[in-house]
Amino acid sequence: MHFEILKKDSKTRARLGRCRTAHGVFHTPAFIPVGTQATVKTMTPEELREMGAEIILSNTYHLYLRPGHERIRRLGGLHRFMHWEHPLLTDSGGFQVFSLQALAKVSEEGVEFHSHLDGSRHLLTPEKAMAIQQALGADIIMCLDECTPYPASHEEAESSLRRTLRWSQRCREVHGSGPQALFGIVQGGMYSDLRQKAAAQLTEIGFDGYALGGLSVGEGKEIMVRLIGETAPLLPENQPRYVMGVGTPGDMLEAVREGVDMFDCVLPTRNARNGMLFTRSGRMTIKNARYAEDPSPIEPGCPCYTCRNYGRAYIRHLYFAEEILSFRLNTIHNLHFYLAFMQEMRTAIAEDRLDGFRQDFNSRWNSSVEPGENPNLTSLPTGKRISLSTRI
Ligand SMILES: [Zn+2]
């Protein structure tokens, strides 16, 4: 993998970059749509490309359990399996093991868990996380890390970080110098000193890129942005920096200002299935009665397929009728919004006006959040619709 910085913003730490992988190029700052089960729900790969996606993410945990990484290897690897011949990133499986499994048992060797599908027992070690991701064959793969619970005491966070660093070393050793890029993950809870220590030690081990994990877990935007701002500059300048699982457009903008290059998040896709849409002026809840007879597009002027052809009243009707087209149309709009937002940030960095872009974004985004809606809410309360949407 080859990462090149094309331009730096003069007033912030933002960078415009280009990352070349065995399956082509992606431009940074990049948003990576999440394709949990080797599919970005409801979208074809052609549609994703058309809306500007250059790299997507798939979840090792899910593919390992079903259909199995060896089966995917026999079928020619994940790119061919899912018909995405462009840059692809897999996570280590650790995040799902820790977040889905109340009973996951961590030891020095690895983390033991039960399959959510059939209850079978599995042990995910750093070596196994590497072997699974090598079989899948993504262009960028991630070290197994221990996801520090939030909140955690300094002592807990430090002991968890120490394990993550030992696991990172083991991942580096078994990975060798294979063609896949391997990223290390900075943990350390919400403690600046631990995050700084993690950045220094991972840099010493040496990876192709560096991720910041364990953020956006309830600590609040201010703490998250501060930790990113303190940690990102400690990572090697000429390698990509990736904040995992973040976030809202505003979160990404703040992180880009601190020199972050890559993001993945389920917000645009998951919220689409819950009827929550992103617009320039804030979040729109399509089930709101005010849209019942509103024929205008979700966002006037938005060039996406959904906004060019459908109105709010129809989209609201599809939502209440629980039609599959509701998931598709909402996902198209939200992904388009996220990908266009990144493109606009890249242009702003190229033209050295990221802070102007931020001012403009913040003034519009805060101006018209719907009455009664909590502007800090990142997703709607879960309920029946979540269970329906996770089945397709
Ligand atoms: Zn649209």
# chains A, B, ... in the order shown; residues from 1 in each chain; ligands from 1
>>> closest_atom_pairs(of="chain A", to="ligand 1", cutoff="6 Å", atoms="only C-alpha atoms and all ligand atoms", output="Markdown table")
| residue | atom | partner | partner_atom_place_in_ligand_line | distance |
| --- | --- | --- | --- | --- |
| A:Glu299 | CA | ligand 1 | 1 (Zn) | 5.8 |
| A:Cys302 | CA | ligand 1 | 1 (Zn) | 4.6 |
| A:Pro303 | CA | ligand 1 | 1 (Zn) | 6.0 |
| A:Cys304 | CA | ligand 1 | 1 (Zn) | 4.3 |
| A:Thr306 | CA | ligand 1 | 1 (Zn) | 5.3 |
| A:Cys307 | CA | ligand 1 | 1 (Zn) | 4.2 |
| A:His333 | CA | ligand 1 | 1 (Zn) | 4.1 |
>>> residues_around(residues="region 214-225 of chain A", least_positions_apart="4", cutoff="12 Å", atoms="only C-alpha atoms", output="number ranges by chain")
A: 94-95, 98-99, 145-152, 157, 160-161, 164, 185-192, 195, 229-232, 242-260, 263-265, 267, 376-378
>>> closest_residue(among="A:Glu50, A:Met345, A:Gln133, A:Ser363", to="His27 (chain A)", atoms="only C-alpha atoms")
A:Met345
>>> select_by_dssp(residues="region 79-134 of chain A", states="alpha helix (DSSP H)", output="MDAnalysis selection string")
chainID A and resid 79:82 94:100 126:134
>>> write_last_selection(atoms="C-alpha atoms", output="tab-separated table (two decimals), in the first residue's frame")
chain	number	residue	atom	x	y	z
A	79	HIS	CA	-13.42	-9.18	-3.37
A	80	ARG	CA	-14.65	-11.78	-5.83
A	81	PHE	CA	-17.18	-13.28	-3.43
A	82	MET	CA	-19.00	-9.97	-2.96
A	94	GLY	CA	-12.60	-8.10	18.17
A	95	PHE	CA	-15.11	-5.25	18.33
A	96	GLN	CA	-18.08	-7.53	17.61
A	97	VAL	CA	-16.83	-10.17	20.03
A	98	PHE	CA	-16.56	-7.59	22.80
A	99	SER	CA	-19.74	-5.69	21.98
A	100	LEU	CA	-22.08	-8.57	21.16
A	126	PRO	CA	-4.23	-12.38	17.42
A	127	GLU	CA	-2.84	-15.15	15.18
A	128	LYS	CA	-6.33	-16.34	14.27
A	129	ALA	CA	-7.55	-12.81	13.53
A	130	MET	CA	-4.64	-12.51	11.09
A	131	ALA	CA	-5.30	-15.93	9.51
A	132	ILE	CA	-9.00	-15.17	9.00
A	133	GLN	CA	-8.30	-11.76	7.47
A	134	GLN	CA	-5.60	-13.23	5.23
>>> residues_around(residues="Gln343 (chain A)", least_positions_apart="3", cutoff="10 Å", atoms="only C-alpha atoms", output="PyMOL selection string")
chain A and resi 27-31+52+337-340+346-349
